[in-house]
Each structure stands twice: as structure tokens, then as C-alpha cells.
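Quick notes on the structure that follows.
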Amino acid sequence: MWGRTDAAVVATILLVTFGAALQVARDRETVDGPAPPGIRSVPPADLVQRAALSFEAVLADLYWIRAVQHYGRTRLSGGGAREYALLHPLLDVATTLDPRFDAAYRLGAVFLAEPPPGGAGRPDLAIALLQKGLASVPDRWQYLQDIGFIHYWWLRDRDDAARWFQRAADVPGAPWWLRFLAATTMTEGGDRAGARALWRLVRDAAGDSWMREEAARRLAQIEALDALDRYQRTVDRFRVRTGRAPRSWQDLLAAGDLSEVPVDPTGTAYELTPFGAVTVSPRSVLTPLPDSGALPARPAG
């Protein structure tokens with residue numbers, strides 16, 4: 001036979017369920033009409049947690065739903081950063097109530113990082129949210145990866161992005177391609193020495209021939225980047241000395257600046273544009289050199 005406590009629990013669940021259903025019904029009614037008033041305030045996360053009793057998971061879901069609704073309405077209305085001001089507090093409450101709420105951390109970070117009107121334009125808060133997740137789940141390599149992408153796309157900081165990708169790659173069970181991503185980002189950020197060391201690690205630890213060959217190709221690309229810098233300096237010295245760009249490699253050979261036509265690590269000759277820029281030939285297997293951060297495509301099978 002049920003006691004008062006059992007009845008209170010059931011009543012509370014019914015009340016919460018009814019409240020959620022009522023809110024959904026109200027939201028549906030406003031699709032073709034004016035939007036309901038936005039959320040005006042969010043109580044502190046610790047206060048909500050103390051009041052939650054044993055219903056933390058249910059309340060976490062409700063606060064997450066409200067965060068998604070707030071984000072969706074603000075985005076559709078073309079709101080600016082100020083209109084998203086309550087997004088982080090809602091996410092903070094949801095993840096305080098449920099410290100392992102994966103969707104709230106990862107999707108919430110996307111909502112926060114995207115610039116207005118598509119998001120709150122707060123990559124700093126997005127990183128803080130993901131770091132909060134790491135405090136609860138330290139081995140969640142996805143959060144480390146997501147922080148890396150925020151540094152890459154929104155903060156334009158290739159060096160920090162590479163460091164976070166590398167941290168993600170170091171987590172046991174993380175996918176192999178994170179080391180590729182870290183090394184590529186290091187190259188973009190100008191840290192060729194770090195990228196070279198990481199690609200060598202990938203090559204030496206590779207479990208299949210494709211990974212070894214891809215790592216070797218990336219190492220050759222870094223070698224080519226170093227060579228391009230050297231040959232560009234040679235071309236620039238010729239320009240300063242003669243007042244014009246060399247028309248071909250033959251000009252540099254005749255002037256004694258080079259002893260032979262330079263070739264990349266695969267044996268394909270570098271190209272010299274009419275404006276005096278040294279580039280890798282489009283016929284070279286090293287093309288394109290790292291500049292987009294894209295992951296190498298793994299062949300099928």
C-alpha cells in the first residue's frame with residue numbers, strides 16, 4: 001500500500017509532466033502567432049540544485065529544453081548577442097543538475113560560440129562550458145576536440161587549436177585521426193617543428209600502410225614548405241639586386257644564384273610564377289600544401 005511519500009512523488013512527476021506538456025502546447029499555439037514572452041531570468045544553478053531534491057535529471061532536461069527554445073526563438077528573430085544573454089545561465093543550470101549531460105555541453109557550446117544572429121557570439125563561454133564538462137568527465141576526448149575547433153574556427157588561434165587537438169589525441173581510446181588533425185593545424189599555425197615531430201610519431205606508430213604513407217606525405221609537405229621559404233628568399237634577393245623578378249629558373253642559374261632547377265621531395269620541379277612567387281607544381285603529389293586544416297580522406301576498405 002502506498003504511503004504519503006509515494007503519493008507525493010507521483011504527484012510531483014505528474015505536475016512536472018503536465019507543466020512540460022502545457023509548455024509544449026503553448027509553444028505550438030504560437031507558431032503562427034506572436035512569440036510568447038522570452039525568459040526573463042534564470043535562478044542560480046546551485047539554488048536550483050538544492051531545490052531539486054531527487055529530480056535533478058528531470059529538471060536538467062527541462063532546463064535544456066528551455067535553452068533550446070530560447071536559442072531557437074532568438075535565432076529565428078535575428079537577435080543579437082544581448083538577446084542570447086540567458087543562454088549560458090540555462091545551460092549552466094542544466095549541466096549542474098546533470099554533470100554528465102553530453103548534449104547540453106556539446107550542442108550548448110555550438111549555440112554559444114556561433115556569432116550572432118546564429119548564436120551568442122561567446123566562444124569564451126563555450127570553452128568554459130566544455131571545460132566544466134571535462135571536470136566531470138576528464139576522459140571525454142570529444143570535449144577537448146570541440147575546444148580545439150572553437151579555437152580554430154572562432155578564435156582563429158591555430159596554435160591553441162593544435163594543442164587541444166593533441167590533448168584529445170592523447171586520451172586513451174581517442175580516434176587515430178586526431179593526431180593527423182593536430183599535426184595539420186600545427187603546420188598551419190607555423191609550428192613546423194612540432195608538426196614534423198608529430199607526423200613522425202604517427203608514421204612510426206602507424207598500424208597500417210595507408211597511415212604510414214599519409215604521414216610520410218605530410219612530412220614531405222613540411223619539407224617542401226621549408227624549401228619554398230629558402231627559394232623565395234633567393235628570388236627576392238635577385239629582385240632587389242636586378243630590380244625585376246626572374247622570368248624563369250634559368251635567370252637564377254645564369255646569375256649563379258642556383259646550381260640546378262629546384263625540385264620538391266618527390267622530384268617534381270618547383271614552379272616560378274611571372275610575379276616571382278615560388279610554388280609547388282600542381283602536378284606534384286604534395287599538392288595542395290596544408291592550408292585548410294582539412295582531414296585527409298581515408299580510402300574505403
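Following the order of the C-alpha cells, chains are lettered A, B, ..., residues in each are numbered from 1, and ligands are numbered from 1.
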
TODO: For A:Val68, list every protein, DNA or RNA residue within 9 Å, evaluated using only C-alpha atoms, and leave out those in the same chain fewer than 6 positions away; present the list as a PyMOL selection string.
DONE: chain A and resi 87+108+111

Could the residues in this selection be saved with N, CA and C atoms as a PDB file, in the first residue's frame?
ATOM      1  N   LEU A  87      21.207  32.387 -22.377  1.00  0.00           N
ATOM      2  CA  LEU A  87      21.519  31.052 -22.885  1.00  0.00           C
ATOM      3  C   LEU A  87      22.529  30.335 -21.994  1.00  0.00           C
ATOM      4  N   GLY A 108      25.318  22.894 -26.650  1.00  0.00           N
ATOM      5  CA  GLY A 108      25.312  24.199 -25.995  1.00  0.00           C
ATOM      6  C   GLY A 108      26.523  25.020 -26.374  1.00  0.00           C
ATOM      7  N   PHE A 111      25.886  26.523 -29.747  1.00  0.00           N
ATOM      8  CA  PHE A 111      24.976  27.668 -29.642  1.00  0.00           C
ATOM      9  C   PHE A 111      25.713  28.912 -29.142  1.00  0.00           C
TER      10      PHE A 111
END

Open item on the list: Excluding A:Ser136 and its own-chain neighbours fewer than 6 positions away, which residues fall within 12 Å of it when counting only C-alpha atoms? Please give them as a list in words.
Closed with: Thr95, Thr96, Leu97, Asp98, Pro99, Arg100, Phe101, Asp102, Tyr105, Leu129, Leu130 and Tyr143 of chain A

- [ ] Would you kindly return, as an MDAnalysis selection string, each protein, DNA or RNA residue with an atom no farther than 12 Å from any atom of A:Leu252, considering only C-alpha atoms and excluding same-chain residues fewer than 3 positions away?
- [x] chainID A and resid 231:232 234:239 241:242 244:249 255:262 272 276

TODO: Write out as a count of residues only the residues lying within 9 Å of A:Ser284, counting only C-alpha atoms and excluding same-chain residues fewer than 6 positions away.
DONE: 6

Enumerate as an mmCIF file with N, CA and C atoms, in the first residue's frame all residues of stretch 173-301 of chain A assigned to alpha helix (DSSP H) by DSSP on the backbone, naming them with the chain letters and numbers the document uses.
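Contents of result09.cif, as written:
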data_model
loop_
_atom_site.group_PDB
_atom_site.id
_atom_site.type_symbol
_atom_site.label_atom_id
_atom_site.label_comp_id
_atom_site.auth_asym_id
_atom_site.auth_seq_id
_atom_site.Cartn_x
_atom_site.Cartn_y
_atom_site.Cartn_z
ATOM 1 N N TRP A 177 42.682 9.728 -36.120
ATOM 2 C CA TRP A 177 42.800 10.914 -36.971
ATOM 3 C C TRP A 177 43.009 12.194 -36.179
ATOM 4 N N LEU A 178 42.847 12.172 -34.854
ATOM 5 C CA LEU A 178 43.094 13.387 -34.078
ATOM 6 C C LEU A 178 44.560 13.803 -34.145
ATOM 7 N N ARG A 179 45.466 12.834 -34.225
ATOM 8 C CA ARG A 179 46.877 13.195 -34.374
ATOM 9 C C ARG A 179 47.123 13.835 -35.740
ATOM 10 N N PHE A 180 46.431 13.350 -36.758
ATOM 11 C CA PHE A 180 46.538 13.980 -38.072
ATOM 12 C C PHE A 180 46.053 15.425 -37.999
ATOM 13 N N LEU A 181 44.923 15.615 -37.335
ATOM 14 C CA LEU A 181 44.351 16.957 -37.229
ATOM 15 C C LEU A 181 45.274 17.884 -36.452
ATOM 16 N N ALA A 182 45.837 17.395 -35.360
ATOM 17 C CA ALA A 182 46.753 18.214 -34.564
ATOM 18 C C ALA A 182 47.978 18.602 -35.374
ATOM 19 N N ALA A 183 48.537 17.643 -36.101
ATOM 20 C CA ALA A 183 49.745 17.928 -36.875
ATOM 21 C C ALA A 183 49.465 18.903 -38.008
ATOM 22 N N THR A 184 48.328 18.737 -38.690
ATOM 23 C CA THR A 184 47.971 19.658 -39.767
ATOM 24 C C THR A 184 47.784 21.066 -39.231
ATOM 25 N N THR A 185 47.133 21.186 -38.094
ATOM 26 C CA THR A 185 46.897 22.504 -37.509
ATOM 27 C C THR A 185 48.202 23.137 -37.055
ATOM 28 N N MET A 186 49.119 22.338 -36.529
ATOM 29 C CA MET A 186 50.431 22.873 -36.166
ATOM 30 C C MET A 186 51.128 23.470 -37.381
ATOM 31 N N THR A 187 51.036 22.774 -38.524
ATOM 32 C CA THR A 187 51.671 23.269 -39.743
ATOM 33 C C THR A 187 51.060 24.597 -40.153
ATOM 34 N N GLU A 188 49.730 24.682 -40.098
ATOM 35 C CA GLU A 188 49.057 25.938 -40.435
ATOM 36 C C GLU A 188 49.473 27.070 -39.509
ATOM 37 N N ARG A 192 56.164 24.242 -37.574
ATOM 38 C CA ARG A 192 56.561 23.115 -38.422
ATOM 39 C C ARG A 192 57.370 22.088 -37.650
ATOM 40 N N ALA A 193 58.174 22.548 -36.696
ATOM 41 C CA ALA A 193 58.969 21.602 -35.908
ATOM 42 C C ALA A 193 58.057 20.678 -35.112
ATOM 43 N N GLY A 194 57.017 21.252 -34.468
ATOM 44 C CA GLY A 194 56.073 20.433 -33.717
ATOM 45 C C GLY A 194 55.299 19.501 -34.625
ATOM 46 N N ALA A 195 54.879 20.031 -35.792
ATOM 47 C CA ALA A 195 54.143 19.205 -36.742
ATOM 48 C C ALA A 195 55.011 18.066 -37.258
ATOM 49 N N ARG A 196 56.273 18.371 -37.532
ATOM 50 C CA ARG A 196 57.190 17.341 -38.035
ATOM 51 C C ARG A 196 57.361 16.218 -37.000
ATOM 52 N N ALA A 197 57.524 16.609 -35.740
ATOM 53 C CA ALA A 197 57.681 15.601 -34.690
ATOM 54 C C ALA A 197 56.425 14.745 -34.555
ATOM 55 N N LEU A 198 55.254 15.383 -34.678
ATOM 56 C CA LEU A 198 54.004 14.646 -34.516
ATOM 57 C C LEU A 198 53.766 13.706 -35.692
ATOM 58 N N TRP A 199 54.066 14.173 -36.912
ATOM 59 C CA TRP A 199 53.902 13.293 -38.069
ATOM 60 C C TRP A 199 54.859 12.103 -37.999
ATOM 61 N N ARG A 200 56.058 12.328 -37.487
ATOM 62 C CA ARG A 200 56.989 11.208 -37.332
ATOM 63 C C ARG A 200 56.442 10.185 -36.336
ATOM 64 N N LEU A 201 55.813 10.710 -35.269
ATOM 65 C CA LEU A 201 55.208 9.812 -34.285
ATOM 66 C C LEU A 201 54.094 9.001 -34.926
ATOM 67 N N VAL A 202 53.255 9.665 -35.731
ATOM 68 C CA VAL A 202 52.168 8.968 -36.422
ATOM 69 C C VAL A 202 52.739 7.912 -37.362
ATOM 70 N N ARG A 203 53.765 8.292 -38.122
ATOM 71 C CA ARG A 203 54.374 7.347 -39.078
ATOM 72 C C ARG A 203 54.939 6.123 -38.369
ATOM 73 N N ASP A 204 55.652 6.351 -37.286
ATOM 74 C CA ASP A 204 56.331 5.246 -36.605
ATOM 75 C C ASP A 204 55.357 4.339 -35.850
ATOM 76 N N ALA A 205 54.201 4.914 -35.442
ATOM 77 C CA ALA A 205 53.236 4.121 -34.672
ATOM 78 C C ALA A 205 52.083 3.618 -35.528
ATOM 79 N N SER A 209 49.467 0.474 -43.689
ATOM 80 C CA SER A 209 50.327 1.114 -44.684
ATOM 81 C C SER A 209 49.793 2.475 -45.101
ATOM 82 N N TRP A 210 48.460 2.635 -45.157
ATOM 83 C CA TRP A 210 47.932 3.929 -45.585
ATOM 84 C C TRP A 210 48.340 5.032 -44.620
ATOM 85 N N MET A 211 48.246 4.763 -43.329
ATOM 86 C CA MET A 211 48.622 5.781 -42.346
ATOM 87 C C MET A 211 50.107 6.118 -42.452
ATOM 88 N N ARG A 212 50.946 5.105 -42.653
ATOM 89 C CA ARG A 212 52.380 5.369 -42.805
ATOM 90 C C ARG A 212 52.651 6.216 -44.044
ATOM 91 N N GLU A 213 51.992 5.873 -45.145
ATOM 92 C CA GLU A 213 52.205 6.619 -46.385
ATOM 93 C C GLU A 213 51.685 8.051 -46.271
ATOM 94 N N GLU A 214 50.552 8.221 -45.621
ATOM 95 C CA GLU A 214 49.999 9.567 -45.458
ATOM 96 C C GLU A 214 50.892 10.409 -44.562
ATOM 97 N N ALA A 215 51.389 9.823 -43.481
ATOM 98 C CA ALA A 215 52.299 10.560 -42.603
ATOM 99 C C ALA A 215 53.575 10.935 -43.342
ATOM 100 N N ALA A 216 54.094 10.019 -44.174
ATOM 101 C CA ALA A 216 55.297 10.323 -44.959
ATOM 102 C C ALA A 216 55.025 11.459 -45.939
ATOM 103 N N ARG A 217 53.841 11.463 -46.542
ATOM 104 C CA ARG A 217 53.500 12.549 -47.472
ATOM 105 C C ARG A 217 53.420 13.879 -46.745
ATOM 106 N N ARG A 218 52.852 13.874 -45.554
ATOM 107 C CA ARG A 218 52.752 15.114 -44.779
ATOM 108 C C ARG A 218 54.140 15.615 -44.367
ATOM 109 N N LEU A 219 55.024 14.700 -44.038
ATOM 110 C CA LEU A 219 56.394 15.105 -43.710
ATOM 111 C C LEU A 219 57.070 15.718 -44.931
ATOM 112 N N ALA A 220 56.813 15.150 -46.106
ATOM 113 C CA ALA A 220 57.373 15.719 -47.333
ATOM 114 C C ALA A 220 56.793 17.106 -47.603
ATOM 115 N N GLN A 221 55.526 17.318 -47.276
ATOM 116 C CA GLN A 221 54.931 18.644 -47.445
ATOM 117 C C GLN A 221 55.630 19.680 -46.567
ATOM 118 N N ILE A 222 55.924 19.307 -45.333
ATOM 119 C CA ILE A 222 56.619 20.237 -44.440
ATOM 120 C C ILE A 222 58.012 20.541 -44.981
ATOM 121 N N GLU A 223 58.688 19.517 -45.491
ATOM 122 C CA GLU A 223 59.997 19.736 -46.109
ATOM 123 C C GLU A 223 59.869 20.689 -47.294
ATOM 124 N N ALA A 224 58.795 20.533 -48.077
ATOM 125 C CA ALA A 224 58.574 21.423 -49.218
ATOM 126 C C ALA A 224 58.308 22.855 -48.760
ATOM 127 N N LEU A 225 57.559 23.026 -47.684
ATOM 128 C CA LEU A 225 57.309 24.374 -47.165
ATOM 129 C C LEU A 225 58.614 25.052 -46.758
ATOM 130 N N ASP A 226 59.493 24.306 -46.114
ATOM 131 C CA ASP A 226 60.801 24.860 -45.745
ATOM 132 C C ASP A 226 61.589 25.254 -46.992
ATOM 133 N N ALA A 227 61.557 24.390 -48.009
ATOM 134 C CA ALA A 227 62.290 24.675 -49.243
ATOM 135 C C ALA A 227 61.709 25.892 -49.960
ATOM 136 N N LEU A 228 60.392 26.018 -49.985
ATOM 137 C CA LEU A 228 59.767 27.185 -50.619
ATOM 138 C C LEU A 228 60.256 28.476 -49.978
ATOM 139 N N ASP A 229 60.361 28.475 -48.663
ATOM 140 C CA ASP A 229 60.863 29.671 -47.975
ATOM 141 C C ASP A 229 62.284 30.002 -48.428
ATOM 142 N N ARG A 230 63.132 28.984 -48.520
ATOM 143 C CA ARG A 230 64.522 29.221 -48.925
ATOM 144 C C ARG A 230 64.598 29.756 -50.348
ATOM 145 N N TYR A 231 63.875 29.123 -51.270
ATOM 146 C CA TYR A 231 63.942 29.552 -52.668
ATOM 147 C C TYR A 231 63.275 30.911 -52.875
ATOM 148 N N GLN A 232 62.252 31.205 -52.068
ATOM 149 C CA GLN A 232 61.634 32.525 -52.183
ATOM 150 C C GLN A 232 62.615 33.616 -51.764
ATOM 151 N N ARG A 233 63.404 33.338 -50.740
ATOM 152 C CA ARG A 233 64.422 34.313 -50.333
ATOM 153 C C ARG A 233 65.460 34.515 -51.444
ATOM 154 N N THR A 234 65.802 33.443 -52.151
ATOM 155 C CA THR A 234 66.738 33.562 -53.273
ATOM 156 C C THR A 234 66.151 34.439 -54.375
ATOM 157 N N VAL A 235 64.882 34.219 -54.692
ATOM 158 C CA VAL A 235 64.201 35.029 -55.709
ATOM 159 C C VAL A 235 64.137 36.489 -55.273
ATOM 160 N N ASP A 236 63.831 36.725 -54.019
ATOM 161 C CA ASP A 236 63.720 38.102 -53.522
ATOM 162 C C ASP A 236 65.066 38.821 -53.579
ATOM 163 N N ARG A 237 66.136 38.119 -53.299
ATOM 164 C CA ARG A 237 67.467 38.745 -53.401
ATOM 165 C C ARG A 237 67.774 39.115 -54.851
ATOM 166 N N PHE A 238 67.393 38.255 -55.777
ATOM 167 C CA PHE A 238 67.582 38.556 -57.202
ATOM 168 C C PHE A 238 66.785 39.803 -57.581
ATOM 169 N N ARG A 239 65.560 39.908 -57.102
ATOM 170 C CA ARG A 239 64.713 41.059 -57.413
ATOM 171 C C ARG A 239 65.340 42.353 -56.890
ATOM 172 N N VAL A 240 65.835 42.317 -55.655
ATOM 173 C CA VAL A 240 66.460 43.510 -55.077
ATOM 174 C C VAL A 240 67.704 43.906 -55.874
ATOM 175 N N ARG A 241 68.463 42.916 -56.293
ATOM 176 C CA ARG A 241 69.721 43.190 -56.987
ATOM 177 C C ARG A 241 69.503 43.696 -58.411
ATOM 178 N N THR A 242 68.489 43.160 -59.099
ATOM 179 C CA THR A 242 68.299 43.482 -60.519
ATOM 180 C C THR A 242 67.138 44.438 -60.773
ATOM 181 N N TRP A 249 63.604 29.929 -63.928
ATOM 182 C CA TRP A 249 64.737 29.432 -63.148
ATOM 183 C C TRP A 249 66.056 29.678 -63.873
ATOM 184 N N GLN A 250 65.996 29.756 -65.199
ATOM 185 C CA GLN A 250 67.228 29.971 -65.966
ATOM 186 C C GLN A 250 67.899 31.291 -65.603
ATOM 187 N N ASP A 251 67.127 32.321 -65.278
ATOM 188 C CA ASP A 251 67.715 33.599 -64.857
ATOM 189 C C ASP A 251 68.556 33.411 -63.601
ATOM 190 N N LEU A 252 68.049 32.623 -62.676
ATOM 191 C CA LEU A 252 68.767 32.398 -61.420
ATOM 192 C C LEU A 252 69.978 31.492 -61.627
ATOM 193 N N LEU A 253 69.858 30.542 -62.546
ATOM 194 C CA LEU A 253 71.000 29.688 -62.861
ATOM 195 C C LEU A 253 72.108 30.501 -63.515
ATOM 196 N N ALA A 254 71.716 31.375 -64.464
ATOM 197 C CA ALA A 254 72.709 32.195 -65.167
ATOM 198 C C ALA A 254 73.388 33.174 -64.223
#

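Between atom CA of A:Pro44 and atom CA of A:Val93 there is a distance of 7.2 Å.
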
TODO: In Å, rounded to a single decimal, give me how far atom CA of A:Trp141 is from atom CA of A:Pro172.
DONE: 8.6 Å
